[in-house]
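Novice: Questions regarding the structure given below will be posed in turn.
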Amino acid sequence: MKIAIIGAESTGKTQLAQELTAHLQASDSPARMVNEFLREWCEREQRTPLVSEQGGIAQEQARRINATHATGARTVADTTPLMTAVYSDMLFNDSSLYDFALQHQRHYDLTLLTALDLPWVADGLQRDGPQVRPEVDRLIRRALDQAGIPYHVVHGQGGERLARALTIVEHASRRSADSQPVGHGEWAWHCAQCGNAHCEHRLFKDLLRADSVRR
């Protein structure tokens, strides 16, 4: 299984990737985490990348993820080239990386999108501020929706976040064992923790409808 964890800044991607990888390893399942190359790049260069450097960062992130997955271990990617494409779009008005990033994204069994329900925390060069998170989230969802790539939103504080991610992973594993395609098409189940984006949209619509009735 190849799992992508993506999302706006300060939404717990790295922590979730670490915890999910540790859980998979503890269950005697070979698993490896691929760190975010951008963080390594910024620490080395002591600056954020220019527009001309974004493509190389996306390519290297993809290369490292593919190389890890080729070892046969379950792979948990702490961000993918899609995040580089989104930030290139938002910061530089450059949409040229989407084709490569989305083609790469199609090869994941699961795409987990971290929700905006965690407080923003500063983290050196890489973070622009809490005001950018809604726009980043919007661009990620738009890109995935337009490309027809399924994704699952992971909410929750503390241990709830990992528990919900594990619910998604375990369900996907059962589907794979039953020879059903993983990561494609609609889910055959709906619950409060499945993270399916369509469930999330329906939940918010129901909440808004209920609020309107109360008023």
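Quick note on naming: the chains in the structure tokens go A, B, ... in the order shown, residues restart at 1 in each chain, and ligands are numbered from 1 in order of appearance.
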Please provide as a list of chain:residue names all residues within 10 Å of A:Leu112, with the sequence filter that same-chain residues fewer than 5 positions apart are discarded (counting only C-alpha atoms).
Specialist: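 So the residues in contact are A:Ile3, A:Ala4, A:Ile5, A:Ile6, A:Gly7, A:Lys13, A:Leu16, A:Thr79, A:Pro150, A:Tyr151, A:His152, A:Val153, A:Val154, A:Ala165, A:Ile168, A:Val169, A:Gly195, A:Asn196.
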Novice: Quick one: write out the picked residues with C-alpha atoms as a PDB file, in the first residue's frame?
Specialist:
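Result saved to part_30.pdb:
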ATOM      1  CA  ILE A   3      -0.350   6.261   1.302  1.00  0.00           C
ATOM      2  CA  ALA A   4      -0.095  10.016   0.702  1.00  0.00           C
ATOM      3  CA  ILE A   5      -0.608  12.544   3.487  1.00  0.00           C
ATOM      4  CA  ILE A   6      -1.180  16.045   2.170  1.00  0.00           C
ATOM      5  CA  GLY A   7      -2.670  19.260   3.538  1.00  0.00           C
ATOM      6  CA  LYS A  13       0.919  15.937   8.361  1.00  0.00           C
ATOM      7  CA  LEU A  16       0.286  11.735  11.419  1.00  0.00           C
ATOM      8  CA  THR A  79       3.497  15.291   1.434  1.00  0.00           C
ATOM      9  CA  PRO A 150     -10.470  10.197  -4.429  1.00  0.00           C
ATOM     10  CA  TYR A 151      -9.280  11.531  -1.083  1.00  0.00           C
ATOM     11  CA  HIS A 152     -10.274  11.195   2.545  1.00  0.00           C
ATOM     12  CA  VAL A 153     -10.262  14.048   5.055  1.00  0.00           C
ATOM     13  CA  VAL A 154      -8.729  13.310   8.467  1.00  0.00           C
ATOM     14  CA  ALA A 165      -6.649   7.593   9.624  1.00  0.00           C
ATOM     15  CA  ILE A 168      -9.563   4.528   6.534  1.00  0.00           C
ATOM     16  CA  VAL A 169      -6.414   2.426   6.054  1.00  0.00           C
ATOM     17  CA  GLY A 195     -13.098  10.766   5.971  1.00  0.00           C
ATOM     18  CA  ASN A 196     -14.648  10.488   2.513  1.00  0.00           C
TER      19      ASN A 196
END
Novice: From the list A:Leu166, A:Trp120, A:Gly159, A:Ile149, which residue is nearest A:Glu9 when using only C-alpha atoms?
Specialist: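 Distance minimum relative to A:Glu9 lands on A:Trp120.
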Novice: For a quick check of understanding, using only C-alpha atoms, which of A:Leu113, A:Arg39, A:Ile65, A:Asp78 has the smallest distance to A:Gln18?
Specialist: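 Result for the nearest residue to A:Gln18: A:Asp78.
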Novice: From the options A:Ala73, A:Met90, A:Ile140, A:Met83, which residue's atoms come nearest to A:Phe37, counting only C-alpha atoms?
Specialist: A:Met83
Novice: Select, from A:Asp89, A:Pro81, A:Arg164, A:Arg141, the residue with the minimum atom-to-atom distance to A:Gly56, counting only C-alpha atoms.
Specialist: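 Nearest to A:Gly56: A:Pro81.
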Novice: Quick one: DSSP helix (DSSP H, G or I) residues in stretch 4-96 of chain A, as a PyMOL selection string?
Specialist: chain A and resi 13-26+37-45+51-69+81-92
Novice: Go through stretch 34-149 of chain A and collect every residue that DSSP, computed from the backbone, puts in strand (DSSP E or B); the answer should be as a list of chain:residue names.
Specialist: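 Taking stretch 34-149 of chain A and keeping strand (DSSP E or B) only, one gets A:Val34, A:Arg74, A:Thr75, A:Val76, A:Ala77, A:Asp78, A:Leu110, A:Thr111, A:Leu112, A:Leu113, A:Thr114.
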Novice: Would you pick out the contacts of A:Val86 at 10 Å or less, using only C-alpha atoms, so that residues sharing its chain but fewer than 6 positions from it are not included, and give the list as JSON, numbers by chain?
Specialist: {"A": [8, 92, 93, 94, 95, 97, 98, 101, 135, 136, 137, 138, 139, 140, 143]}
Novice: Of the candidates A:Ala67, A:Leu102, A:Ala115, A:Val121, which shows the shortest atom-to-atom distance to A:Thr80, using only C-alpha atoms?
Specialist: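 Closest candidate: A:Leu102.
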Novice: Enter the distance from atom CA of A:Ala58 to atom CA of A:Val132, in Å, rounded to one decimal.
Specialist: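 Separation between atom CA of A:Ala58 and atom CA of A:Val132: 20.4 Å.
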Novice: Considering only C-alpha atoms, state which residue in the set A:Arg142, A:Leu118, A:Gln15, A:Ile57 is at the smallest distance from A:Glu40.
Specialist: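 Between A:Arg142, A:Leu118, A:Gln15, A:Ile57, the residue approaching A:Glu40 most closely is A:Ile57.
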Novice: Between atom CA of A:Arg64 and atom CA of A:Ala31, what is the distance, to one decimal in Å?
Specialist: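 Atom CA of A:Ala31 lies 14.5 Å from atom CA of A:Arg64.
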Novice: Go ahead and compute the interatomic distance for atom CA of A:Gly148 and atom CA of A:Glu53, in Å to one decimal.
Specialist: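 Separation of atom CA of A:Gly148 and atom CA of A:Glu53: 27.9 Å.
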